[in-house]
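Enquirer: One structure, pasted below without further comment.
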Amino acid sequence: MFADVIVDIAHSQVDKIFEYKIGCDGVFVGSRVRVPFGKYFVEGIVIKVKESSEYPSEKIKEISSVLEETPALTNETLAMADYITSNCYVTKAAALRLFLPVEMRKGKVREQFTKIISLADGINVDETILLLRKSAVKQRDLLLFLSEEGEQTVTVLNEKFGNGAVKTLLSRGVLLERLEKRFRSPYKELNADRKQIELTEKQKIAIKSVENTDKTVSLIFGVTGSGKTEVYLELIDRAIRNGKSAIMLVPEIALTPQMLKQLRARFGEKAAILHSGLSAGERFDEWWRLRTGEAQIAIGARSAIFAPLSNVGIIIIDEEHDGSYVSESSPRYNTVEVATFRANLSGAKLVLGSATPSLESFLNAKRGDYNLIELPDRINKKPLPDVEIADMRKEIRRGNNSPFSSTLKYELEKCLSQGNQAMIFLNQRGYSKTVICTECGHVQKCTSCDVSLTYHKEENALLCHYCGAKYKMVDACTECGSRFIRYGGTGTERVVIELQKLFPNAKILRMDRDTTQNKEGHFNILNAFAERKADILVGTQMIAKGHDFPAVTLVGILDADMSLHFNDFRSAERTFQLLTQVAGRSGRDKQSGKVVLQTYSPDHHVLRQAISYDYEGFFNQEISIRKATAFPPFTDICRVLISAEDDEVALETTRSVFEELKKLYELNKDKFRFFGCMKAPIKRLQNKFRYQVLMRFDKGDKPLIDNIYQLSSKFNGRNVLVSLEINPTNLN
Ligand code: ADP
Ligand code: ZN
Ligand code: ZN
């Protein structure tokens with residue numbers, strides 16, 4: 001017998017299938033194996049087992065060993081890996097890696113076992129005790145204990161009776177030990193009771209609609225608090241009862257402890273959590289629980305779409321519009337697309353849920369490609385919170401230079417005096433966005449990137465938010481020596497300091513990337529706030545997602561238009577989504593909520609539509625703009641990015657790539673809506689100079705994209721990286 005093997009080396013030169021002889025048992029399709037490769041041994045995955053080979057037998061080497069008894073990959077996950085290879089333009093090895101926990105590939109973590117001790121068969125405890133020496137009290141107690149308990153782990157017994165007693169009785173054959181596989185399970189502390197609720201009529205209709213539609217994809221368009229989560233849970237429950245498995249994706253799992261709590265409460269050990277915040281051992285074990293069928297529900301961020309489940313019945317993507325569902329590093333995949341493929345492959349239903357669906361999904365629903373389900377009302381019938389716009393231009397004219405409008409100050413005072421909680425949102429961490437010299441106008445910049453540095457007061461350092469570099473804070477301008485330095489743009493650190501001045505008695509928490517570095521960071525802050533150990537939570541978009549704090553009656557949005565003026569075709573869409581989401585944090589319980597939105601462009605249509613929760617109005621306006629300007633979802637944006645440390649090399653390669661692609665463009669002019677070559681918006685990043693060839697053409701032209709890939713990727717070299725991005729979330 002022979003096996004086709006993909007070796008675990010993600011290099012284009014070995015991106016092919018290698019044949020090996022099978023000389024041992026247990027080699028199946030999907031098995032991980034160790035094979036000789038050149039002078040070394042490498043790991044690989046068997047993708048096919050066959051009777052014969054076209055090569056002369058003596059030329060084929062033999063598989064050295066099988067790494068696990070159970071094949072790590074299934075036919076289903078292998079088919080998905082093929083899909084990733086051909087749609088994300090990566091090597092087969094790189095695609096396969098998505099389906100394996102890192103820990104497993106590096107062989108760093110092994111399964112853990114617990115030693116369990118019990119009485120050996122046929123042992124009569126009373127008779128045995130009579131045979132013991134009088135002084136062997138511990139042995140006696142141990143025997144009595146086990147005759148009561150039946151069995152116990154060796155750790156507990158050693159603690160209670162000392163390991164001498166345990167060892168002696170084991171050696172005499174009175175006790176028996178066996179190994180039991182142990183799973184390290186994360187978030188043990190998350191134990192909520194399951195809320196018993198009766199689904200509303202609308203929720204029941206939504207569930208039936210997902211189950212009965214002949215369409216693979218259903219889009220649940222429901223405002224925050226409309227009961228979407230309950231619908232997801234019920235759908236998962238039904239799938240499990242039908243003997244199927246389920247996948248539930250959330251944007252950033254560390255940020256959604258509530259969702260985890262609910263899943264745990266309802267499904268207990270049937271649910272396994274996959275995410276990068278777990279310890280290596282936990283992740284490895286959760287993965288195996290899914291692979292072996294011990295757990296049937298995979299919960300996680302985008303990469304959980306690659307969960308090793310068989311027989312998937314339902315896939316749920318919550319907050320489907322969220323940017324985190326598009327992977328920004330290779331393999332660059334779009335989770336909704338991969339999920340659609342997986343659902344079709346295994347005959348599952350895919351449910352996308354959002355209060356602000358992506359334009360693309362809503363367009364698909366309108367066109368009838370998706371099954372559209374609407375949940376327009378909040379469960380508690382509470383109206384969505386009132387939004388008041390604070391015009392910051394007027395504030396400045398009035399001489400108010402603080403980050404807070406008078407309206408927000410007034411509302412904060414009221415909220416706190418009533419004993420309620422407030423959340424303050426702004427999308428800038430650190431103290432100030434930039435540090436500027438007032439004499440010569442020089443802005444402190446990163447030496448490896450073409451971007452300005454952010455001042456972090458706690459660290460008293462200047463940080464590059466793009467490459468992470470840290471610089472000493474300056475006390476004079478590095479250009480002219482002037483000591484007059486101004487802080488431009490407010491960050492979360494500064495907001496906390498200013499708020500504390502205004503409300504000396506208020507307890508304030510801050511949540512941003514700097515305060516949530518360790519595994520439990522998010523958890524601790526959110527828990528403290530939920531337990532009302534603080535009055536105000538200041539944060540970046542981390543605080544915008546799904547949290548449900550009943551005592552929050554005020555949300556302040558400090559820089560509503562910051563993301564509006566980004567040079568990105570999606571900025572209006574993102575702003576609308578973010579504002580709606582943040583506003584949704586207020587007034588979720590009995591008391592009604594209030595939102596104060598500060599802006600320099602109070603008349604912008606996106607803000608107007610966001611404050612009146614007019615998604616459809618926003619959709620109609622934005623989609624017609626996209627159509628008129630030939631942007632996604634009507635076209636695909638394709639960017640070939642060229643980067644190199646040497647500017648000359650980058651430029652030379654860019655010219656070659658451009659010349660090559662230009663030929664393609666000339667031949668297909670009717671297909672292209674845009675074709676151009678230029679510096680990337682951030683000209684230098686992490687010491688690399690960056691150029692791009694930017695293209696737009698009608699959506700879904702796979703042969704054209706294949707062609708672009710083939711023509712451009714051949715310019716990849718040792719000193720230059722040429723990469724292809726299709727509809728990237730970030731066009732920096
Ligand atoms: P969404 O996911 O749309 O934001 P949730 O499912 O979290 O909404 O529901 C909002 C709140 O309403 C939650 O506290 C939830 O427990 C509650 N809820 C949901 N469905 C029902 C129901 N049928 N009866 C009573 N309460 C419900
Ligand atoms: Zn200066
Ligand atoms: Zn940098």
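Identifiers for the structure tokens are assigned positionally: chains receive A, B, ... in sequence, residues are indexed from 1 per chain, and ligands are indexed from 1 in the order shown.
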So that I can check the surroundings of Lys228 in chain A, please list as a PyMOL selection string every protein, DNA and RNA residue that reaches within 9 Å of it, counting only C-alpha atoms and ignoring chain neighbours fewer than 6 positions away.
Expert: chain A and resi 203+220-222+318+353-354+375
Enquirer: Could you save the residues just selected, with N, CA, C and O atoms, as a compact mmCIF listing (two decimals), in the first residue's frame?
Expert:
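Written out: selection-v7.txt:
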```txt
# COMPACT_ATOMS: atom_id res chain seq x y z
N GLN A 203 -39.44 34.55 17.99
CA GLN A 203 -38.25 33.68 18.07
C GLN A 203 -38.56 32.30 17.50
O GLN A 203 -37.76 31.72 16.78
N ILE A 220 -30.20 36.63 10.27
CA ILE A 220 -31.10 37.18 11.28
C ILE A 220 -30.71 38.62 11.52
O ILE A 220 -29.65 38.93 12.05
N PHE A 221 -31.60 39.51 11.05
CA PHE A 221 -31.38 40.93 11.21
C PHE A 221 -32.23 41.36 12.40
O PHE A 221 -33.45 41.47 12.29
N GLY A 222 -31.60 41.51 13.56
CA GLY A 222 -32.36 41.82 14.76
C GLY A 222 -31.64 42.82 15.62
O GLY A 222 -30.44 42.69 15.85
N ASP A 318 -22.21 34.98 14.95
CA ASP A 318 -22.82 36.12 15.63
C ASP A 318 -22.06 37.39 15.27
O ASP A 318 -20.85 37.36 15.09
N GLY A 353 -25.96 36.44 12.15
CA GLY A 353 -26.79 37.32 12.97
C GLY A 353 -26.14 38.67 13.17
O GLY A 353 -24.93 38.75 13.33
N SER A 354 -26.95 39.73 13.11
CA SER A 354 -26.41 41.07 13.36
C SER A 354 -27.53 42.09 13.49
O SER A 354 -28.61 41.92 12.95
N LEU A 375 -35.96 40.50 13.39
CA LEU A 375 -36.42 40.61 14.77
C LEU A 375 -36.31 42.09 15.15
O LEU A 375 -35.33 42.53 15.72
```
Enquirer: So which residues touch Gln598 in chain A within 7 Å, counting only C-alpha atoms, skipping near sequence neighbours fewer than 2 positions away, as a PDB file with N, CA and C atoms, in the first residue's frame?
Expert:
```
ATOM      1  N   ILE A 389     -27.071  64.441  20.104  1.00  0.00           N
ATOM      2  CA  ILE A 389     -25.821  64.826  19.440  1.00  0.00           C
ATOM      3  C   ILE A 389     -25.228  66.056  20.110  1.00  0.00           C
ATOM      4  N   ALA A 390     -23.959  66.005  20.446  1.00  0.00           N
ATOM      5  CA  ALA A 390     -23.268  67.172  20.986  1.00  0.00           C
ATOM      6  C   ALA A 390     -22.323  67.690  19.907  1.00  0.00           C
ATOM      7  N   ASP A 391     -22.571  68.914  19.471  1.00  0.00           N
ATOM      8  CA  ASP A 391     -21.769  69.509  18.401  1.00  0.00           C
ATOM      9  C   ASP A 391     -20.479  70.087  18.991  1.00  0.00           C
ATOM     10  N   MET A 392     -19.386  69.428  18.766  1.00  0.00           N
ATOM     11  CA  MET A 392     -18.132  69.822  19.400  1.00  0.00           C
ATOM     12  C   MET A 392     -17.563  71.127  18.831  1.00  0.00           C
ATOM     13  N   ILE A 557     -20.113  58.703  23.574  1.00  0.00           N
ATOM     14  CA  ILE A 557     -19.229  58.376  22.453  1.00  0.00           C
ATOM     15  C   ILE A 557     -18.420  59.629  22.156  1.00  0.00           C
ATOM     16  N   LEU A 558     -17.130  59.588  22.424  1.00  0.00           N
ATOM     17  CA  LEU A 558     -16.345  60.821  22.387  1.00  0.00           C
ATOM     18  C   LEU A 558     -15.965  61.263  20.991  1.00  0.00           C
ATOM     19  N   ASP A 559     -15.689  60.313  20.122  1.00  0.00           N
ATOM     20  CA  ASP A 559     -15.205  60.715  18.798  1.00  0.00           C
ATOM     21  C   ASP A 559     -15.975  59.964  17.722  1.00  0.00           C
ATOM     22  N   ALA A 560     -17.248  60.308  17.613  1.00  0.00           N
ATOM     23  CA  ALA A 560     -18.120  59.562  16.720  1.00  0.00           C
ATOM     24  C   ALA A 560     -17.641  59.583  15.283  1.00  0.00           C
ATOM     25  N   VAL A 596     -24.929  59.956  24.503  1.00  0.00           N
ATOM     26  CA  VAL A 596     -24.474  61.262  24.036  1.00  0.00           C
ATOM     27  C   VAL A 596     -23.370  61.023  23.018  1.00  0.00           C
TER      28      VAL A 596
END
```
Enquirer: Write out as a PyMOL selection string the residues lying within 8 Å of Val649 in chain A, counting only C-alpha atoms and excluding same-chain residues fewer than 4 positions away.
Expert: chain A and resi 644-645+653+719-720
Enquirer: Based on the selection just made, write C-alpha atoms of those residues as a short mmCIF file (atom, residue, chain, number, x, y, z; two decimals), in the first residue's frame.
Expert:
```cif
data_model
loop_
_atom_site.label_atom_id
_atom_site.label_comp_id
_atom_site.auth_asym_id
_atom_site.auth_seq_id
_atom_site.Cartn_x
_atom_site.Cartn_y
_atom_site.Cartn_z
CA ALA A 644 11.09 45.11 0.65
CA GLU A 645 13.67 46.57 3.00
CA THR A 653 9.85 44.55 -8.42
CA ASN A 719 14.53 40.17 -0.49
CA VAL A 720 11.06 41.03 -1.63
#
```
Enquirer: Between A:Leu274, A:Asp647, A:Arg513, A:Ala355, which one has atoms that come closest to Leu578 in chain A, using only C-alpha atoms?
Expert: A:Ala355
Enquirer: Given only C-alpha atoms and all ligand atoms, how would the per-residue table for chain A near ligand 3 read, listing every residue at most 6 Å away with its closest atom pair and distance in Å to one decimal, sorted by chain and number, as a tab-separated table?
Expert:
```
residue	atom	partner	partner_atom_place_in_ligand_line	distance
A:Cys446	CA	ligand 3	1 (Zn)	4.8
A:Ser448	CA	ligand 3	1 (Zn)	4.9
A:Cys449	CA	ligand 3	1 (Zn)	4.3
A:Cys464	CA	ligand 3	1 (Zn)	4.6
A:Tyr466	CA	ligand 3	1 (Zn)	5.1
A:Cys467	CA	ligand 3	1 (Zn)	4.1
A:Ala469	CA	ligand 3	1 (Zn)	5.5
A:Gln686	CA	ligand 3	1 (Zn)	5.7
```
Enquirer: Point out the residue among A:Asp386, A:Glu201, A:Glu252, A:Asp214 with the least atom-to-atom distance to Val595 in chain A, counting only C-alpha atoms.
Expert: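 The shortest atom-to-atom distance to Val595 in chain A comes from A:Asp386.
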Enquirer: Between CA of Leu350 in chain A and CA of Val210 in chain A, what is the distance, to one decimal in Å?
Expert: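 Here the two named atoms are 8.5 Å from each other.
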Enquirer: DSSP on the backbone: which residues in range 557-700 of chain A end up as alpha helix (DSSP H)? Give the answer as a ChimeraX atom specification.
Expert: /A:571-583,605-611,615-629,647-667
Enquirer: Counting only C-alpha atoms and all ligand atoms, what are the residues, protein, DNA or RNA alike, that approach ligand 1 to within 8 Å? I want them as a ChimeraX atom specification.
Expert: /A:195,197-200,203,222-231,354-355,378-380,546,548,588
Enquirer: Can you tell me which residues sit at most 9 Å away from ligand 2, counting only C-alpha atoms and all ligand atoms, written as a ChimeraX atom specification?
Expert: /A:436-443,476-485
